[in-house]
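K.L.:
Below you'll find the structure I mean.
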Amino acid sequence: AQTVTQSQPEMSVQEAETVTLSCTYDTSESNYYLFWYKQPPSRQMILVIRQEAYKQQNATENRFSVNFQKAAKSFSLKISDSQLGDTAMYFCAFMKRSSGNTPLVFGKGTRLSVIA
Amino acid sequence: DAGVIQSPRHEVTEMGQEVTLRCKPISGHNSLFWYRQTMMRGLELLIYFNNNVPIDDSGMPEDRFSAKMPNASFSTLKIQPSEPRDSAVYFCASSLFGGGVNEQFFGPGTRLTVL
């Protein structure tokens, strides 16, 4: 079974600063995907960024980037130029790669507050 | 695209009552997932379907919970009888498999309160 651990229950950052959210995972699978989801107060789950484990290059999406360390089973999210709208819960998630769809395994989340 | 549709958005009921949550996945998607979110346990899978067939229901907590997907455009999650510990947000998500990263699209969730 896979497990995902987010060791920072809460974090805060000043507007326009950079913040890094940590995530580690445990799996015996060799092919998988990793995701970061954002959940604002509206509770809608929004995909922020995804990484395919077989790709060595770290994924980036505008102000969001990841540091994927496969050997260390680490998948951190960096948010640059933080904005007030980034205030939300952030969930790291693992998905096994398969011929069919498989479910997401989530970490417990990190509550991020961006302070003006 | 209307996205994943869930109803109701909020449900308040009394212990012992039957509760039915509904989900309409994105048209053309062939996988559907039911997740539950609580403060204590976070987000956890209850059950998922591929091509309307239940694949894994090991996350369904008890026999009080049941889920169906009679066709590709509709699924229900039923709790009978409901208990206060079932209070949570229930999410439905859908995705399309067939190569590439199979992103899951989430509905807005149903907040269930059992008194």
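Residues in the structure tokens are named by chain (A, B, ... in the order shown) and by number from 1 within that chain; ligands are numbered from 1 in the order shown.
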Find the residues around Ser87 (chain B) up to 10 Å (only C-alpha atoms counted), leave out those fewer than 5 positions away in its own chain, and share them as a PyMOL selection string.
P.N.:
chain B and resi 11-13+36-38+82+111-115
K.L.:
Write to file, as an mmCIF file, in the first residue's frame, the residues of the selection just made, with C-alpha atoms.
P.N.:
data_model
loop_
_atom_site.group_PDB
_atom_site.id
_atom_site.type_symbol
_atom_site.label_atom_id
_atom_site.label_comp_id
_atom_site.auth_asym_id
_atom_site.auth_seq_id
_atom_site.Cartn_x
_atom_site.Cartn_y
_atom_site.Cartn_z
ATOM 1 C CA GLU B 11 -27.548 17.627 3.576
ATOM 2 C CA VAL B 12 -28.617 17.685 7.192
ATOM 3 C CA THR B 13 -30.370 14.626 8.505
ATOM 4 C CA ARG B 36 -14.764 11.162 1.862
ATOM 5 C CA GLN B 37 -13.065 14.033 3.681
ATOM 6 C CA THR B 38 -12.992 14.364 7.467
ATOM 7 C CA SER B 82 -26.932 7.158 8.856
ATOM 8 C CA ARG B 111 -21.391 18.316 3.058
ATOM 9 C CA LEU B 112 -23.318 15.790 5.122
ATOM 10 C CA THR B 113 -24.296 16.472 8.705
ATOM 11 C CA VAL B 114 -25.943 13.700 10.696
ATOM 12 C CA LEU B 115 -27.462 14.888 13.953
#
K.L.:
Write out as number ranges by chain which residues come within 8 Å of region 39-42 of chain B when counting only C-alpha atoms, dropping same-chain ones fewer than 4 positions away.
P.N.:
A: 106-109
K.L.:
So which residues touch region 85-96 of chain A within 6 Å, counting only C-alpha atoms, skipping near sequence neighbours fewer than 4 positions away, as a ChimeraX atom specification?
P.N.:
/A:32-40,104-107,109-114
K.L.:
What does the structure give for the distance between CA of Ala72 (chain B) and CA of Gln2 (chain A), in Å to one decimal?
P.N.:
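Result for CA of Ala72 (chain B) versus CA of Gln2 (chain A): 28.7 Å, one decimal.
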K.L.:
Here is a test: counting only C-alpha atoms, which residue of A:Thr102, A:Thr18, A:Asn58, A:Thr24 is nearest to chain B?
P.N.:
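Once distances to chain B are computed over only C-alpha atoms, the minimum belongs to A:Thr102.
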K.L.:
Counting only C-alpha atoms, which residues from chain A have an atom at most 7 Å from any atom of chain B, and could you show them as a list of chain:residue names?
P.N.:
A:Arg43, A:Gln44, A:Met45, A:Gly100, A:Asn101, A:Phe106, A:Lys108
K.L.:
What separation in Å, quoted to one decimal, exists between CA of Ser7 (chain B) and CA of Cys23 (chain B)?
P.N.:
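It comes out at 6.6 Å.
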K.L.:
Interatomic distance between CA of Lys78 (chain B) and CA of Ala2 (chain B)?
P.N.:
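Separation of CA of Lys78 (chain B) and CA of Ala2 (chain B): 23.8 Å.
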